[in-house]
Amino acid sequence: MTTTLVTGANKGIGYETARQLAAAGHTVYVGARDAERGREAAGRLGARFVQLDVTDDASVATAVKTIEADGGLDVLVNNAGVEGRQSDGGVIGAADVTADQMRDLFDTNVFGVVRVTRAFLPLLRRSAAPVVVNVSSGLSRTADLANPDSFTAFYPGISYPASKAALNMVTVQYAKAFPGFRINAVDPGYTKTDLNHNSGTQTVEQGAEAAVRLAQAGPDGPTGGFFDAAGPVAW
């Protein structure tokens, strides 16, 4: 039996990823900051709940102990993420972004991934087929953002694309450091979720497709790559 933790899984792409993996036979842990919402989501999915705030060392350490006591971990899906929009729903552009705002966003999207991955390494190392999936974004692709003809060129924000570009680099370096793991990043596509105030054009089922596929990678599967629903994509 494959045991999988999905962070930020009480709603959106994380919830759908957890649902599909549970349907595929995984024992799934729904990781969520909010205990009430997390338990409710886990109950609907027939999954297990673990309280997990990726920005808090103590919370992560407690989650590790909980999952270790239950038998260990094979797959980690680092899905928890934030975009950091203004109160009116608008994207924070270059004129308004602050160092503090970027720091807060990086704490979840980058440092949180490092915090959680490092904490769960001892459990993953015990697995016969350890897998890590980092949920990135097409907005991480510098060449596309710089191309006025690209679909993503319209996006004015700095913090979110920068954090996902950093996450891609973290993914590559982890994959090199742990060749026995399968470690990849995925681009869900422009998916309708609370993250973007439901402005996306895809369903959560479509958005979860790449993460679900890579979470089931076997020992001979790809590692150190970037994928969307159609397959490998350029960084």
# chains A, B, ... in the order shown; residues from 1 in each chain; ligands from 1
>>> residues_around(residues="stretch 169-177 of chain A", least_positions_apart="5", cutoff="12 Å", atoms="only C-alpha atoms", output="PyMOL selection string")
chain A and resi 78+109-115+117-118+121+130-136+140-141+162-164+182-186+222-226+235
>>> write_last_selection(atoms="N, CA, C and O atoms", output="CSV table (one decimal), in the first residue's frame")
chain,number,residue,atom,x,y,z
A,78,ASN,N,3.8,18.3,-2.5
A,78,ASN,CA,3.9,19.7,-2.0
A,78,ASN,C,3.0,20.6,-2.8
A,78,ASN,O,3.5,21.2,-3.7
A,109,ASN,N,5.5,29.1,-0.4
A,109,ASN,CA,5.7,28.5,-1.7
A,109,ASN,C,7.1,27.9,-1.9
A,109,ASN,O,7.3,27.0,-2.8
A,110,VAL,N,8.1,28.4,-1.2
A,110,VAL,CA,9.5,27.9,-1.4
A,110,VAL,C,10.0,27.3,-0.1
A,110,VAL,O,10.3,26.1,0.0
A,111,PHE,N,10.1,28.2,1.0
A,111,PHE,CA,10.6,27.7,2.2
A,111,PHE,C,9.8,26.6,2.8
A,111,PHE,O,10.3,25.7,3.5
A,112,GLY,N,8.4,26.7,2.6
A,112,GLY,CA,7.5,25.7,3.1
A,112,GLY,C,7.8,24.3,2.5
A,112,GLY,O,7.8,23.3,3.2
A,113,VAL,N,8.1,24.3,1.2
A,113,VAL,CA,8.4,23.1,0.5
A,113,VAL,C,9.7,22.5,1.1
A,113,VAL,O,9.8,21.3,1.3
A,114,VAL,N,10.7,23.3,1.3
A,114,VAL,CA,12.0,22.9,1.8
A,114,VAL,C,11.8,22.4,3.2
A,114,VAL,O,12.3,21.3,3.6
A,115,ARG,N,11.0,23.1,4.0
A,115,ARG,CA,10.8,22.7,5.4
A,115,ARG,C,10.1,21.3,5.5
A,115,ARG,O,10.5,20.5,6.3
A,117,THR,N,9.8,19.0,3.0
A,117,THR,CA,10.6,17.9,2.4
A,117,THR,C,11.7,17.5,3.3
A,117,THR,O,11.9,16.3,3.5
A,118,ARG,N,12.4,18.4,3.9
A,118,ARG,CA,13.5,18.0,4.8
A,118,ARG,C,13.0,17.2,6.0
A,118,ARG,O,13.6,16.2,6.4
A,121,LEU,N,12.2,13.6,4.9
A,121,LEU,CA,13.2,12.8,4.3
A,121,LEU,C,13.5,11.5,5.0
A,121,LEU,O,13.6,10.4,4.3
A,130,PRO,N,10.3,6.1,-3.1
A,130,PRO,CA,9.9,7.4,-2.6
A,130,PRO,C,9.7,8.4,-3.8
A,130,PRO,O,10.5,8.4,-4.8
A,131,VAL,N,8.7,9.2,-3.7
A,131,VAL,CA,8.3,10.2,-4.7
A,131,VAL,C,8.0,11.5,-4.1
A,131,VAL,O,7.4,11.6,-3.0
A,132,VAL,N,8.5,12.6,-4.7
A,132,VAL,CA,8.1,14.0,-4.3
A,132,VAL,C,7.6,14.7,-5.5
A,132,VAL,O,8.2,14.7,-6.6
A,133,VAL,N,6.4,15.3,-5.4
A,133,VAL,CA,5.9,16.1,-6.5
A,133,VAL,C,5.7,17.6,-5.9
A,133,VAL,O,5.0,17.8,-4.9
A,134,ASN,N,6.3,18.5,-6.6
A,134,ASN,CA,6.2,19.9,-6.2
A,134,ASN,C,5.2,20.6,-7.2
A,134,ASN,O,5.5,20.6,-8.4
A,135,VAL,N,4.2,21.2,-6.7
A,135,VAL,CA,3.2,21.9,-7.6
A,135,VAL,C,3.7,23.3,-7.9
A,135,VAL,O,3.7,24.2,-7.0
A,136,SER,N,4.2,23.5,-9.1
A,136,SER,CA,4.7,24.7,-9.6
A,136,SER,C,3.7,25.5,-10.4
A,136,SER,O,2.5,25.4,-10.1
A,140,SER,N,6.1,30.2,-13.9
A,140,SER,CA,7.5,30.1,-13.5
A,140,SER,C,8.4,30.2,-14.7
A,140,SER,O,9.7,30.4,-14.5
A,141,ARG,N,7.9,30.1,-15.9
A,141,ARG,CA,8.7,30.0,-17.1
A,141,ARG,C,9.1,31.4,-17.6
A,141,ARG,O,8.3,32.1,-18.2
A,162,ALA,N,8.1,34.5,-9.3
A,162,ALA,CA,9.5,34.4,-8.7
A,162,ALA,C,9.5,33.2,-7.8
A,162,ALA,O,10.5,32.4,-7.8
A,163,SER,N,8.5,33.0,-7.0
A,163,SER,CA,8.5,31.9,-6.0
A,163,SER,C,8.4,30.5,-6.7
A,163,SER,O,9.1,29.6,-6.3
A,164,LYS,N,7.7,30.5,-7.8
A,164,LYS,CA,7.6,29.2,-8.5
A,164,LYS,C,8.8,28.9,-9.3
A,164,LYS,O,9.2,27.7,-9.5
A,182,ARG,N,12.0,9.8,-7.0
A,182,ARG,CA,11.5,10.4,-8.2
A,182,ARG,C,10.9,11.8,-7.7
A,182,ARG,O,10.0,11.9,-7.0
A,183,ILE,N,11.6,12.8,-8.1
A,183,ILE,CA,11.3,14.2,-7.7
A,183,ILE,C,11.1,15.1,-8.9
A,183,ILE,O,12.0,15.3,-9.7
A,184,ASN,N,9.8,15.6,-9.0
A,184,ASN,CA,9.5,16.4,-10.2
A,184,ASN,C,8.6,17.6,-9.8
A,184,ASN,O,8.0,17.6,-8.7
A,185,ALA,N,8.5,18.5,-10.7
A,185,ALA,CA,7.6,19.7,-10.6
A,185,ALA,C,6.5,19.5,-11.6
A,185,ALA,O,6.7,19.0,-12.7
A,186,VAL,N,5.4,20.1,-11.3
A,186,VAL,CA,4.2,20.0,-12.2
A,186,VAL,C,3.6,21.4,-12.4
A,186,VAL,O,3.6,22.2,-11.4
A,222,PRO,N,10.4,9.2,-14.4
A,222,PRO,CA,11.2,10.4,-14.6
A,222,PRO,C,11.5,11.1,-13.3
A,222,PRO,O,10.8,10.9,-12.3
A,223,THR,N,12.6,11.8,-13.3
A,223,THR,CA,13.0,12.6,-12.1
A,223,THR,C,13.7,13.8,-12.6
A,223,THR,O,14.4,13.8,-13.6
A,224,GLY,N,13.6,14.9,-11.8
A,224,GLY,CA,14.2,16.1,-12.1
A,224,GLY,C,13.6,16.9,-13.3
A,224,GLY,O,14.3,17.6,-14.0
A,225,GLY,N,12.3,16.6,-13.6
A,225,GLY,CA,11.6,17.2,-14.7
A,225,GLY,C,10.5,18.1,-14.3
A,225,GLY,O,10.1,18.2,-13.2
A,226,PHE,N,9.9,18.8,-15.4
A,226,PHE,CA,8.8,19.7,-15.2
A,226,PHE,C,7.7,19.2,-16.2
A,226,PHE,O,8.0,19.0,-17.4
A,235,TRP,N,11.6,24.3,-18.8
A,235,TRP,CA,11.6,25.1,-17.6
A,235,TRP,C,11.5,26.6,-17.9
A,235,TRP,O,11.0,27.3,-17.1
>>> select_by_dssp(residues="chain A", states="strand (DSSP E or B)", output="JSON, numbers by chain")
{"A": [3, 4, 5, 6, 27, 28, 29, 30, 31, 32, 48, 49, 50, 51, 75, 76, 77, 78, 93, 131, 132, 133, 134, 135, 157, 182, 183, 184, 185, 186, 191, 202, 226, 227, 228, 231, 232]}
>>> write_last_selection(atoms="C-alpha atoms", output="short mmCIF file (atom, residue, chain, number, x, y, z; two decimals), in the first residue's frame")
data_model
loop_
_atom_site.label_atom_id
_atom_site.label_comp_id
_atom_site.auth_asym_id
_atom_site.auth_seq_id
_atom_site.Cartn_x
_atom_site.Cartn_y
_atom_site.Cartn_z
CA THR A 3 0.99 6.14 1.65
CA THR A 4 0.76 9.69 0.36
CA LEU A 5 0.66 13.13 1.97
CA VAL A 6 -0.85 16.05 0.04
CA THR A 27 -3.64 5.72 1.67
CA VAL A 28 -3.91 9.50 1.62
CA TYR A 29 -3.23 12.07 4.30
CA VAL A 30 -4.98 15.40 3.83
CA GLY A 31 -2.62 18.04 5.17
CA ALA A 32 -4.28 21.33 6.11
CA ARG A 48 -6.74 10.58 6.94
CA PHE A 49 -6.22 14.10 8.28
CA VAL A 50 -3.02 15.59 9.61
CA GLN A 51 -2.79 19.18 10.81
CA VAL A 75 4.79 9.98 -1.63
CA LEU A 76 4.89 13.67 -0.74
CA VAL A 77 2.89 16.12 -2.84
CA ASN A 78 3.93 19.67 -1.96
CA GLY A 93 2.16 44.42 -9.50
CA VAL A 131 8.30 10.18 -4.70
CA VAL A 132 8.10 13.96 -4.29
CA VAL A 133 5.87 16.13 -6.47
CA ASN A 134 6.17 19.91 -6.24
CA VAL A 135 3.22 21.88 -7.59
CA GLY A 157 2.80 40.07 -10.53
CA ARG A 182 11.48 10.42 -8.16
CA ILE A 183 11.29 14.20 -7.68
CA ASN A 184 9.48 16.38 -10.20
CA ALA A 185 7.62 19.67 -10.57
CA VAL A 186 4.23 20.01 -12.23
CA THR A 191 -7.22 26.20 -12.97
CA GLN A 202 -9.64 24.67 -16.23
CA PHE A 226 8.81 19.67 -15.21
CA PHE A 227 5.50 18.33 -16.49
CA ASP A 228 1.99 19.42 -17.35
CA GLY A 231 3.84 15.67 -20.69
CA PRO A 232 7.28 17.24 -20.23
#
>>> atom_distance(atom1="atom CA of A:Ala128", atom2="atom CA of A:Ala217")
12.2 Å
>>> closest_residue(among="A:Ala23, A:Val116, A:Glu83, A:Gly14", to="A:Thr62", atoms="only C-alpha atoms")
A:Val116
>>> select_by_dssp(residues="stretch 77-223 of chain A", states="alpha helix (DSSP H)", output="PyMOL selection string")
chain A and resi 99-109+111-125+142-146+159-177+204-215
>>> write_last_selection(atoms="C-alpha atoms", output="CSV table (one decimal), in the first residue's frame")
chain,number,residue,atom,x,y,z
A,99,ALA,CA,9.9,42.8,0.3
A,100,ASP,CA,7.6,41.8,3.2
A,101,GLN,CA,4.9,40.6,0.9
A,102,MET,CA,7.4,38.6,-1.1
A,103,ARG,CA,8.9,37.1,2.0
A,104,ASP,CA,5.5,36.0,3.2
A,105,LEU,CA,4.7,34.3,-0.1
A,106,PHE,CA,8.1,32.7,-0.3
A,107,ASP,CA,7.6,31.3,3.2
A,108,THR,CA,4.8,29.1,1.9
A,109,ASN,CA,5.7,28.5,-1.7
A,111,PHE,CA,10.6,27.7,2.2
A,112,GLY,CA,7.5,25.7,3.1
A,113,VAL,CA,8.4,23.1,0.5
A,114,VAL,CA,12.0,22.9,1.8
A,115,ARG,CA,10.8,22.7,5.4
A,116,VAL,CA,8.3,19.9,4.7
A,117,THR,CA,10.6,17.9,2.4
A,118,ARG,CA,13.5,18.0,4.8
A,119,ALA,CA,11.4,17.0,7.7
A,120,PHE,CA,9.9,14.0,5.8
A,121,LEU,CA,13.2,12.8,4.3
A,122,PRO,CA,13.8,10.2,7.0
A,123,LEU,CA,10.4,8.6,6.3
A,124,LEU,CA,10.8,8.8,2.5
A,125,ARG,CA,14.2,7.2,2.7
A,142,THR,CA,10.8,33.1,-17.6
A,143,ALA,CA,10.9,32.8,-21.4
A,144,ASP,CA,7.1,32.8,-21.6
A,145,LEU,CA,6.6,35.8,-19.3
A,146,ALA,CA,9.2,37.7,-21.4
A,159,SER,CA,6.1,37.5,-6.2
A,160,TYR,CA,4.2,34.4,-7.4
A,161,PRO,CA,6.2,33.8,-10.6
A,162,ALA,CA,9.5,34.4,-8.7
A,163,SER,CA,8.5,31.9,-6.0
A,164,LYS,CA,7.6,29.2,-8.5
A,165,ALA,CA,10.8,29.7,-10.5
A,166,ALA,CA,12.7,29.3,-7.2
A,167,LEU,CA,10.6,26.1,-6.5
A,168,ASN,CA,11.7,24.7,-9.9
A,169,MET,CA,15.3,25.2,-9.0
A,170,VAL,CA,14.7,23.5,-5.6
A,171,THR,CA,13.1,20.6,-7.5
A,172,VAL,CA,16.1,20.1,-9.8
A,173,GLN,CA,18.6,20.3,-7.0
A,174,TYR,CA,16.7,17.8,-4.8
A,175,ALA,CA,16.4,15.4,-7.7
A,176,LYS,CA,20.2,15.5,-8.2
A,177,ALA,CA,20.8,15.0,-4.5
A,204,VAL,CA,-9.7,21.0,-10.7
A,205,GLU,CA,-9.9,17.6,-12.3
A,206,GLN,CA,-7.8,18.9,-15.2
A,207,GLY,CA,-5.5,20.8,-12.9
A,208,ALA,CA,-4.7,17.7,-10.8
A,209,GLU,CA,-3.9,15.5,-13.7
A,210,ALA,CA,-0.1,16.0,-13.8
A,211,ALA,CA,0.4,15.8,-10.1
A,212,VAL,CA,-1.6,12.6,-9.9
A,213,ARG,CA,0.3,11.0,-12.7
A,214,LEU,CA,3.7,12.0,-11.3
A,215,ALA,CA,2.7,10.9,-7.8
>>> atom_distance(atom1="atom CA of A:Leu21", atom2="atom CA of A:Pro179")
23.8 Å
>>> residues_around(residues="A:Ala95", least_positions_apart="3", cutoff="10 Å", atoms="only C-alpha atoms", output="PyMOL selection string")
chain A and resi 92+98+156-158
>>> residues_around(residues="A:Arg44", least_positions_apart="3", cutoff="12 Å", atoms="only C-alpha atoms", output="PyMOL selection string")
chain A and resi 9-11+15-16+18-19+22+30+37-41+47-49
>>> atom_distance(atom1="atom CA of A:Ala129", atom2="atom CA of A:Asp70")
17.9 Å
